[in-house]
Each structure stands twice: as structure tokens, then as C-alpha cells.
Amino acid sequence: MAILAALNIESILGTTLNILYVAFGLGMVIFFHELGHFAVAKWCNVLVERFSIGFGPILWRVKWGETEYALSAIPIGGYVKMLGQDDIDPSQMSAEEIAQDPRSYSAQSVGARMAIISAGVIMNVATALLFFAGGFGMGVEKPPPILGSVEIGLPAWKAGLHSGDEITRINDRNVEVFSDIMYGVALSVEKKLTVEGKHPDGTRFKVKIQPDEKSTRRRIGAVPTVGLKLIKPQDEKGFVTVPGTSASAANPPFEPGDVISRIDETDVATFSDLQQLLARKRSREVSFYVNRKRRNQPIEIVTKPRRFRRLGLQMDMGPVSAIVEKSPAAEAGLKVGDKITTVDDMVVGQQIDPLRLPDYFADHHGQEVKIDLMRPAISGEDEELTIRLRPLDKPGWTEKPDAPGLPISSPAVGIAYHLNSTVRNVGQGSPAFGKIEQGERIQQMELFLSKDAPRDGFKEEPIVIKFDQKQNDERIQNWAYAFWLMQSFPGRDVKLLVRNAGKVRTVDLKPRPIEGENWYLPTRGIRLGLLMKTQKAASTGKAIQMGLTHTKNALTDIYLTLRNLFGGRLSVRELHGPIGIATVAYQVASNGIPDLLLFLGFLSVNLAVLNFLPIPVLDGGHMVFLIWEAVTRKKPSEKVLVAATYVGMAFVLGLMLLVFYLDIFVHGIAAR
């Protein structure tokens, strides 16, 4: 009990400190912006009436000299109120009695007022550089640009990229960490990207990839890699192995922080190595050798093979949905839309389960495989064709349909395909035998914990997967995803909604390996943490140089983001508001001060750019008025100022309402 109490106290203290770090950091970003205005105004001998962090009702104030310093109720910005300049009452700028006061803002020269207005932005850019330099000086950890996997059927997969590949350049942009890949893809405007990198064996590649644009941003389907170190759960209830798997039953057990160094007699250096070894040894016992703190010698942990959990349902195989460039399927003339009917004269969906095809092709690598297919015709009857190909030595199920809507991949031949929710066959003696009939459709699957089942590290509520739903005018087929979830949560039972002749019924099933079926998973149930790359400056000068480079890149990325937003290539759903910013700030603060400094630097650059947009009530709007005055030699009329100010206020208020809506109802942040 004392240990648990100590852990709880430590957790509470850690949470409290993170909240304080976030509040202080966000306050500093706002403070430095307003300090820029304040300092230059004082330098120009302008009377500063109030310096406020936050807007709205004042919670705390103190008068020091001629200036009132305040904290206000709405902590999403701040302001410096100068004599003769008030965003809420723009008529002050033309009031005669104030204009004649030599210490009023409006009495200053155009150049002085430009300096005061731009000082906040300049201060934010300067402090961003210092935040970045501080983070790199202390050292930050970021995922390297190495692919852990590629999403099946998406552009990177079609281009032939796979686990272990390292991307080094996208178009004219160098790639140093994984986030550079996301920015390089999402913020590009070219129809096709030139992606360069190297394979795990050191050979170089250079491919053209056309990003997918169906989501809220452009993407190629790249996923960062994990390392060889087992995760450290955030609390004492976490798991380092998936409950119910062979890894969770191993003795001695795996422990948090263990680092895998060898499988049997083969050394492993990367996750890609580990994945391939486990896939090739899937049907055998394997020994993991792990390095553990305070142990001089590696520890041997023996794990048994894992068999696929099955319902006994063979589903209807859909047409080929994607093909890898230069793969055996592509070379043999297979096309997207073709429907495979037989493989080596075995009827797909009856004599051979479509779920088994990835392993069947891999087991026949180097041999000729005969495939009969139906090809849709533009007019008339579909065409029956026969092709022959030689699969590559690439194990099946190493590319996993672990997200909704992803198809099944067969790496050995380079095809992806969906399974429909129509039952083609039910295996005798299987969990579904006698409960579900051929021709029936599955509408929904629930994976649920039975009353006596142990926790599995996920939410205790049922995991619900719906089939054949429409999204963005496309039918989302989720049977492959549902099948993989059955393997990912081996302690959960299944509830199906089954439709037959317009009637719907519920069927409860307990997935299990089929008797006599030696079909093994390529995984053992180990939970590995993300691979991280340390970026640390060797000297103060190098830290400043890295900070300068990061500031320039951040400015460029924000410009590209705005361009893509207005150009329709980036959805407004990608935006976040104050709730999202605070949530992300808390998450990065949990990773340590260096990560928080980098985030504050990025936030400072954002504040600088957004504040200098030509929108009335923002610094950029004031600069537009000053440029007008410099060119025409006269100030804008009071009517123009008032009208523009209210339009600007309406725009800013509308934008704030939009991002609050996105945070709460789209990103669901407030509900977490």
C-alpha cells in the first residue's frame, strides 16, 4: 500500500508540474510578444497605459509607474494598450486631443508606429530561435525517418517502399526526422513527389509518388518504426506484452525496458530484422535474448508459436484494389479491378480461404503459380483470363491491416484486396458452423471482454467494427481490419450482427484456432516502443545554428500551411485551437523540458506569422493601415477604421469559434 501511495503521489506531482510548465511556457510566449510592443513603445516615449496577459475581465492588476500590469480572464493572448491606440475603440487614433499629445501612439511618425507594431512579431521570432536552441542544446529525441510499415494500398506501398526503408529527401527538402516526411508530403503542391532514400541493405532508391488526397491532408501512408526496446507502461496496470499471447506466457517474463539483441542464434539490429526473423520462424519455438539493466549477460526467453484465431467463415474476395509497381503481379499483367477466382485450380472462398492467400503465395516463392481471374469489361461480359507468375520470398501478414478500411496485402506477389462481408463458406467444426449460413451478410462485429476475462490494456467497452459503410462516397470494407483485431486482442470474444432475407440476428462466437489447421501468426505479442533519434548540439554555437535552421523551416512550413489551406489542399479539420494547443503542450511537457521548448518555439513562430496576417485588429492589419498612411500621406478615415476593425473582430471571433468547435467535436479533445 505504501508503494502504491508513493506512486500515486509521484504521479500527481508529475501531473501538477507538467501543468505548471505548460502554463508558464504558454504565458512566456504571449509575454515576449507583448514585451516587444511594450519595449519599443517605451523606447519611442509612448505612454503605455496597460500591459495585459489575457483578454476580458481583469483578475489581478498592479500599477507600477505610469503603466498598469494585469492578468485577464481569457488566457488566449494579451495586449499592450497605448495612449491613442486601442483595438476596441479605433476612434482614439483620430481623436484630436489625443493626437496632439506628444506621448500618444497616434502622434508618432509612421516609421515609429511600424516599429512598435512589428516589435511583437520580431520578438516572437527571436524567442523562437532561443527556444529551439535551448531544446537542441539540452538534446531532444525524435523518431528517425525510417519506415516501420507502410499502409496497405496507399502510395508508399504502391511505390514498393517497405519496413526498414529510410527516406532522406522529398523533392528539394532534406529529411532528418520522421515529422519531416509528414510536412514534406502534406505541404507540397506538386502532383507527384520525388522521394529518395535507402533500403535496409544500403542500396539507394529514388521513386515518384503521387500522394493520396482523400483525407484531410496529403499523405503517402508512411508509419514510423519501433525499436527493439520493450515499452515502459505509464502506470502499474500497463502491459509490456499483449495478454493472452505466447509472449505474455513466457517464463522468465519480459520486463519493461528489455532490449532484444538476438533471436535464436541470429543477431538483430532493427525492427525490420526482427519482423522478418519471426515471420520465417512463425511455426517454431524461438528464443529471445534480451539485455536487461543490472544484468551482465543477455537473458534467454523462450516463446511458443501463435496460431491464428478463427471463426471458420470464408468471406467473398473482392477485386484487386492496389498493385505494387514492378511486382510479380504487375509484371504478369494483373490490373486493379481484376477479381481472382481460382489459384492453382482451387476456388477462392471455397477451396482456399482468401485470408490464406498471402501465406500460400509466400510458400510457393520461386514456383509458377496459376491464377484465373475475371476482368471487368467496359461493355459486354467480363473477360476470363489466366495469368502465371512466380511469387517472391516475402512472408505473408508482415504488412498488417491494422487501421479501418485497409485491405489485405500479399507481399510475395504485390497485390492488395478487400474481403466483402458476404459468407462464401463455413468450415465444419468451426465456431460459426451451424450458426451462420453461406450467403448471409455480416453487418457488424463486436470484440468484447467476457465477465471472467482479464483486462487486455485497451478500453473495457466492446470494440465495434461496422462493415460496408460509406465514407466520402466510398464503401469502407473492414473485414480484414476486424480479422486482425481478433488476433490483436486474443482474450476477447465476438458478437456478430448477421443479416439474412432482411432479418437481423445476433450471434455470439468464441474465436479459436481451427483443429488441424497449422496456420501461424508472424508475431509473438511483444509491445515495442518507438525508435528515437537524439538531436543534441555539440556547442552553444551549434545550438544557435540548429535553432536558426529550425526557425526558418517553421516559418516556411507555416507559409506552406496557409497556402495549402487557401488552395484547398489542406482541410480546416487539421486546425487546432487553444484546447488542442494546451493538450499538445501537456503531452510534450510529459516528455521533458527539451520537447516543451521545441513546441514553444514552434508556437512562437505560429504566433508571429498569424499576428502579421493583414487582418484588422491583428498586428498585420495595423501595418496595412500604416503602409496606406505612408503612401497616401494621410491616415485612413475614422469610418474606414471602425468598419475594418469590426470586420476583423468578426473574422477573429469566427475563427476562434471554428477552432473551438474542431477541438471539441472533431478532434474530441475535451472528451478525453
# chains A, B, ... in the order shown; residues from 1 in each chain; ligands from 1
>>> select_by_dssp(residues="range 453-566 of chain A", states="alpha helix (DSSP H)", output="number ranges by chain")
A: 479-488, 540-566
>>> residues_around(residues="Gly366 in chain A", least_positions_apart="4", cutoff="12 Å", atoms="only C-alpha atoms", output="list in words")
Pro328, Phe361, Ala362, Arg388, Leu389, Arg390, Pro391, Leu392, Asp393, Lys394, Ala412 and Val413 of chain A
>>> write_last_selection(atoms="C-alpha atoms", output="short mmCIF file (atom, residue, chain, number, x, y, z; two decimals), in the first residue's frame")
data_model
loop_
_atom_site.label_atom_id
_atom_site.label_comp_id
_atom_site.auth_asym_id
_atom_site.auth_seq_id
_atom_site.Cartn_x
_atom_site.Cartn_y
_atom_site.Cartn_z
CA PRO A 328 5.32 -10.14 -59.89
CA PHE A 361 1.92 -17.26 -52.34
CA ALA A 362 4.88 -16.89 -49.96
CA ARG A 388 1.07 -17.19 -64.38
CA LEU A 389 3.61 -15.62 -62.03
CA ARG A 390 6.45 -16.52 -59.68
CA PRO A 391 6.00 -15.13 -56.13
CA LEU A 392 8.91 -13.59 -54.23
CA ASP A 393 10.25 -14.86 -50.93
CA LYS A 394 8.25 -12.40 -48.79
CA ALA A 412 5.02 -12.14 -52.26
CA VAL A 413 3.08 -11.09 -55.38
#
>>> closest_residue(among="A:Gln587, A:Asn553, A:Thr216, A:Ser261", to="Leu230 in chain A", atoms="only C-alpha atoms")
A:Ser261
>>> select_by_dssp(residues="range 69-246 of chain A", states="strand (DSSP E or B)", output="PyMOL selection string")
chain A and resi 69-82+85+140-142+146-150+166-170+173-174+193-198+204-209+212+219+222-224+226-230+241
>>> atom_distance(atom1="CA of Thr245 in chain A", atom2="CA of Leu496 in chain A")
23.5 Å
>>> closest_residue(among="A:Thr386, A:Thr127, A:Gln367, A:Asn518", to="Met28 in chain A", atoms="only C-alpha atoms")
A:Thr127
>>> residues_around(residues="Lys335 in chain A", least_positions_apart="5", cutoff="12 Å", atoms="only C-alpha atoms", output="PyMOL selection string")
chain A and resi 319-325+327-330+340+373-376+385+387+414-417
>>> write_last_selection(atoms="N, CA and C atoms", output="mmCIF file, in the first residue's frame")
data_model
loop_
_atom_site.group_PDB
_atom_site.id
_atom_site.type_symbol
_atom_site.label_atom_id
_atom_site.label_comp_id
_atom_site.auth_asym_id
_atom_site.auth_seq_id
_atom_site.Cartn_x
_atom_site.Cartn_y
_atom_site.Cartn_z
ATOM 1 N N PRO A 319 -12.412 -7.481 -55.676
ATOM 2 C CA PRO A 319 -11.412 -7.270 -56.730
ATOM 3 C C PRO A 319 -10.084 -6.781 -56.158
ATOM 4 N N VAL A 320 -9.040 -6.913 -56.932
ATOM 5 C CA VAL A 320 -7.732 -6.375 -56.555
ATOM 6 C C VAL A 320 -7.856 -4.859 -56.442
ATOM 7 N N SER A 321 -7.460 -4.317 -55.291
ATOM 8 C CA SER A 321 -7.646 -2.882 -55.050
ATOM 9 C C SER A 321 -6.378 -2.071 -55.271
ATOM 10 N N ALA A 322 -5.202 -2.712 -55.230
ATOM 11 C CA ALA A 322 -3.937 -1.995 -55.445
ATOM 12 C C ALA A 322 -2.860 -2.998 -55.826
ATOM 13 N N ILE A 323 -1.871 -2.513 -56.573
ATOM 14 C CA ILE A 323 -0.766 -3.360 -57.035
ATOM 15 C C ILE A 323 0.542 -2.606 -56.836
ATOM 16 N N VAL A 324 1.561 -3.310 -56.331
ATOM 17 C CA VAL A 324 2.885 -2.718 -56.154
ATOM 18 C C VAL A 324 3.578 -2.617 -57.514
ATOM 19 N N GLU A 325 4.170 -1.457 -57.787
ATOM 20 C CA GLU A 325 4.890 -1.262 -59.048
ATOM 21 C C GLU A 325 6.044 -2.258 -59.171
ATOM 22 N N SER A 327 6.116 -5.361 -59.294
ATOM 23 C CA SER A 327 5.955 -6.601 -58.533
ATOM 24 C C SER A 327 5.651 -7.751 -59.485
ATOM 25 N N PRO A 328 5.702 -9.026 -59.012
ATOM 26 C CA PRO A 328 5.317 -10.144 -59.891
ATOM 27 C C PRO A 328 3.920 -9.989 -60.478
ATOM 28 N N ALA A 329 2.981 -9.451 -59.691
ATOM 29 C CA ALA A 329 1.620 -9.263 -60.207
ATOM 30 C C ALA A 329 1.597 -8.231 -61.319
ATOM 31 N N ALA A 330 2.337 -7.120 -61.120
ATOM 32 C CA ALA A 330 2.382 -6.076 -62.147
ATOM 33 C C ALA A 330 3.049 -6.592 -63.410
ATOM 34 N N ILE A 340 -9.844 -12.317 -58.618
ATOM 35 C CA ILE A 340 -9.236 -13.645 -58.664
ATOM 36 C C ILE A 340 -10.296 -14.680 -58.304
ATOM 37 N N LEU A 373 -8.822 -15.335 -63.386
ATOM 38 C CA LEU A 373 -9.461 -14.106 -62.912
ATOM 39 C C LEU A 373 -10.530 -13.643 -63.883
ATOM 40 N N MET A 374 -11.371 -12.759 -63.369
ATOM 41 C CA MET A 374 -12.392 -12.098 -64.183
ATOM 42 C C MET A 374 -12.015 -10.623 -64.268
ATOM 43 N N ARG A 375 -11.954 -10.105 -65.510
ATOM 44 C CA ARG A 375 -11.602 -8.697 -65.718
ATOM 45 C C ARG A 375 -12.833 -7.942 -66.219
ATOM 46 N N PRO A 376 -13.236 -6.882 -65.502
ATOM 47 C CA PRO A 376 -14.422 -6.129 -65.944
ATOM 48 C C PRO A 376 -14.222 -5.555 -67.339
ATOM 49 N N LEU A 385 -9.594 -14.554 -67.790
ATOM 50 C CA LEU A 385 -8.169 -14.589 -68.129
ATOM 51 C C LEU A 385 -7.423 -15.533 -67.205
ATOM 52 N N ILE A 387 -3.388 -15.993 -65.805
ATOM 53 C CA ILE A 387 -2.008 -15.493 -65.788
ATOM 54 C C ILE A 387 -1.166 -16.436 -64.940
ATOM 55 N N GLY A 414 2.597 -8.856 -54.497
ATOM 56 C CA GLY A 414 2.429 -7.404 -54.628
ATOM 57 C C GLY A 414 1.025 -6.957 -54.941
ATOM 58 N N ILE A 415 0.026 -7.603 -54.319
ATOM 59 C CA ILE A 415 -1.353 -7.182 -54.531
ATOM 60 C C ILE A 415 -2.022 -6.905 -53.179
ATOM 61 N N ALA A 416 -3.090 -6.110 -53.223
ATOM 62 C CA ALA A 416 -3.936 -5.880 -52.059
ATOM 63 C C ALA A 416 -5.379 -6.085 -52.491
ATOM 64 N N TYR A 417 -6.188 -6.596 -51.565
ATOM 65 C CA TYR A 417 -7.588 -6.853 -51.896
ATOM 66 C C TYR A 417 -8.416 -6.810 -50.617
#
>>> residues_around(residues="Leu610 in chain A", least_positions_apart="4", cutoff="10 Å", atoms="only C-alpha atoms", output="compact mmCIF listing (two decimals) with C-alpha atoms, in the first residue's frame")
# COMPACT_ATOMS: atom_id res chain seq x y z
CA VAL A 121 6.41 39.61 -34.24
CA ILE A 558 3.51 27.86 -41.71
CA TYR A 559 3.55 29.74 -45.01
CA LEU A 562 -1.63 28.75 -45.13
CA SER A 604 6.14 31.40 -31.11
CA VAL A 605 6.68 31.22 -34.86
CA ASN A 606 2.97 30.50 -35.36
CA PRO A 614 -3.35 41.53 -42.92
CA ILE A 615 -6.44 41.27 -40.72
CA LEU A 618 -4.14 41.98 -35.62
CA ASP A 619 -0.66 43.50 -35.96
CA GLY A 620 -0.70 42.79 -39.70
>>> closest_residue(among="A:Val29, A:Thr556, A:Arg61, A:Leu130", to="Thr540 in chain A", atoms="only C-alpha atoms")
A:Leu130
>>> closest_residue(among="A:Gly525, A:Gly502, A:Pro233, A:Phe566", to="Ala249 in chain A", atoms="only C-alpha atoms")
A:Gly525
>>> closest_residue(among="A:Glu66, A:Asp663, A:Glu638, A:Asp201", to="Ile579 in chain A", atoms="only C-alpha atoms")
A:Asp663
